[in-house]
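Below is one structure, written out as structure tokens; comments come after it.
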Amino acid sequence: MTDPTDVARLVDASLLHVRGVAHRYVAAPAVAQIAEAGRRQVLAHVTPMPKAVRVAIGVHQSEDVRAVTRAAAAAVREALPEDWAEARLTVQVRRIERD
């Protein structure tokens with residue numbers, strides 16, 4: 001099985017060039033976000049049992065949030081190794097207002 005940290009790195013990289021993704025955030029269960037934010041080297045939250053991947057992105061309000069979310073999910077699915085293809089995927093979205 002591919003190491004979860006390697007999977008998280010692949011997932012992080014897959015979101016770098018998705019059009020409409022303005023920011024990437026640490027994706028972790030809400031209670032753990034603050035504690036993990038300062039010490040994590042990857043942003044994606046990956047759990048091996050059961051296999052699950054969670055990403056958190058920021059999308060500007062002027063973008064089509066649904067389209068960006070679908071594009072982000074597709075990019076992540078494409079980046080997942082074969083042994084993680086059936087992992088549950090959650091994309092958390094934050095709307096960002098422009099100044």
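Quick note on naming: the chains in the structure tokens go A, B, ... in the order shown, residues restart at 1 in each chain, and ligands are numbered from 1 in order of appearance.
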
For this session: List every residue of chain A that DSSP, applied to the backbone, labels as helix (DSSP H, G or I), and write the result as a VMD selection string.
Result: chain A and resid 4 to 14 30 to 37 65 to 79 82 to 84

For this session: From a DSSP pass on the backbone, collect the residues of chain A flagged as strand (DSSP E or B) and hand them back as a list in words.
Result: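 Matching residues for strand (DSSP E or B) in chain A are Val21, Ala22, His23, Arg24, Tyr25, His45, Val46, Thr47, Ala52, Val53, Arg54, Val55, Ala56, Ile57, Gly58, Val59, His60, Arg88, Leu89, Thr90, Val91, Gln92, Val93, Arg94, Arg95 and Ile96 of chain A.
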
Output the selection as a short mmCIF file (atom, residue, chain, number, x, y, z; two decimals), in the first residue's frame - N, CA and C atoms for each residue.
```
data_model
loop_
_atom_site.label_atom_id
_atom_site.label_comp_id
_atom_site.auth_asym_id
_atom_site.auth_seq_id
_atom_site.Cartn_x
_atom_site.Cartn_y
_atom_site.Cartn_z
N VAL A 21 -8.81 27.68 -7.74
CA VAL A 21 -8.39 27.44 -6.36
C VAL A 21 -7.45 28.56 -5.96
N ALA A 22 -7.92 29.39 -5.04
CA ALA A 22 -7.13 30.56 -4.63
C ALA A 22 -6.18 30.22 -3.48
N HIS A 23 -6.62 29.35 -2.60
CA HIS A 23 -5.82 28.97 -1.44
C HIS A 23 -6.02 27.49 -1.15
N ARG A 24 -5.02 26.91 -0.51
CA ARG A 24 -5.14 25.55 0.00
C ARG A 24 -4.91 25.63 1.50
N TYR A 25 -5.68 24.89 2.26
CA TYR A 25 -5.60 24.93 3.71
C TYR A 25 -5.30 23.54 4.27
N HIS A 45 -5.43 15.73 4.29
CA HIS A 45 -5.58 14.82 5.43
C HIS A 45 -5.92 13.45 4.86
N VAL A 46 -5.06 12.48 5.11
CA VAL A 46 -5.22 11.14 4.54
C VAL A 46 -5.25 10.12 5.66
N THR A 47 -6.24 9.25 5.62
CA THR A 47 -6.33 8.18 6.61
C THR A 47 -6.33 6.83 5.88
N ALA A 52 -9.36 7.33 3.18
CA ALA A 52 -10.09 8.57 2.98
C ALA A 52 -9.11 9.71 2.76
N VAL A 53 -9.51 10.64 1.93
CA VAL A 53 -8.71 11.82 1.62
C VAL A 53 -9.60 13.04 1.80
N ARG A 54 -9.06 14.04 2.51
CA ARG A 54 -9.80 15.29 2.71
C ARG A 54 -8.89 16.44 2.29
N VAL A 55 -9.42 17.34 1.47
CA VAL A 55 -8.69 18.53 1.08
C VAL A 55 -9.55 19.75 1.40
N ALA A 56 -8.90 20.87 1.63
CA ALA A 56 -9.60 22.13 1.92
C ALA A 56 -9.05 23.21 0.99
N ILE A 57 -9.97 23.84 0.25
CA ILE A 57 -9.55 24.86 -0.71
C ILE A 57 -10.35 26.13 -0.48
N GLY A 58 -9.76 27.24 -0.93
CA GLY A 58 -10.45 28.52 -0.91
C GLY A 58 -10.76 28.93 -2.34
N VAL A 59 -11.98 29.40 -2.56
CA VAL A 59 -12.42 29.80 -3.90
C VAL A 59 -12.98 31.21 -3.81
N HIS A 60 -12.51 32.10 -4.70
CA HIS A 60 -13.03 33.47 -4.71
C HIS A 60 -14.51 33.46 -5.06
N ARG A 88 -12.45 7.34 -0.11
CA ARG A 88 -13.50 8.37 0.02
C ARG A 88 -12.83 9.73 -0.08
N LEU A 89 -13.41 10.64 -0.83
CA LEU A 89 -12.82 11.96 -1.05
C LEU A 89 -13.79 13.03 -0.57
N THR A 90 -13.27 13.95 0.26
CA THR A 90 -14.04 15.09 0.72
C THR A 90 -13.30 16.36 0.32
N VAL A 91 -14.00 17.27 -0.33
CA VAL A 91 -13.42 18.57 -0.69
C VAL A 91 -14.17 19.63 0.13
N GLN A 92 -13.46 20.25 1.07
CA GLN A 92 -14.03 21.34 1.86
C GLN A 92 -13.74 22.64 1.12
N VAL A 93 -14.75 23.49 1.02
CA VAL A 93 -14.59 24.73 0.27
C VAL A 93 -14.90 25.93 1.15
N ARG A 94 -14.02 26.92 1.08
CA ARG A 94 -14.25 28.20 1.75
C ARG A 94 -14.38 29.26 0.67
N ARG A 95 -15.44 30.03 0.74
CA ARG A 95 -15.61 31.14 -0.21
C ARG A 95 -14.79 32.33 0.29
N ILE A 96 -14.08 32.95 -0.62
CA ILE A 96 -13.23 34.07 -0.27
C ILE A 96 -13.76 35.33 -0.95
#
```

For this session: Would you please work out which residue, of A:Ala67, A:Asp83, A:Ala13, A:Val26, is nearest to Pro48 (chain A) when using only C-alpha atoms?
Result: A:Asp83

Problem set entry | Pairwise distance for CA of Trp84 (chain A) and CA of Ala44 (chain A), rounded to one decimal in Å |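 Answer for the CA of Trp84 (chain A) to CA of Ala44 (chain A) separation: 14.0 Å.
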
For this session: Record the distance separating CA of Ala27 (chain A) and CA of Leu43 (chain A), expressed in Å with one decimal.
Result: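 Taking CA of Ala27 (chain A) as the start and CA of Leu43 (chain A) as the end point, the length is 5.9 Å.
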
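Minimum atom-to-atom distances from A:Ala85, A:Ala71, A:Val65, A:Met1 to Ser14 (chain A) were compared using only C-alpha atoms, and the lowest value belongs to A:Ala71.
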
For this session: Have a look at CA of Val76 (chain A) and CA of Val11 (chain A) and let me know their distance in Å, one decimal.
Result: 5.5 Å
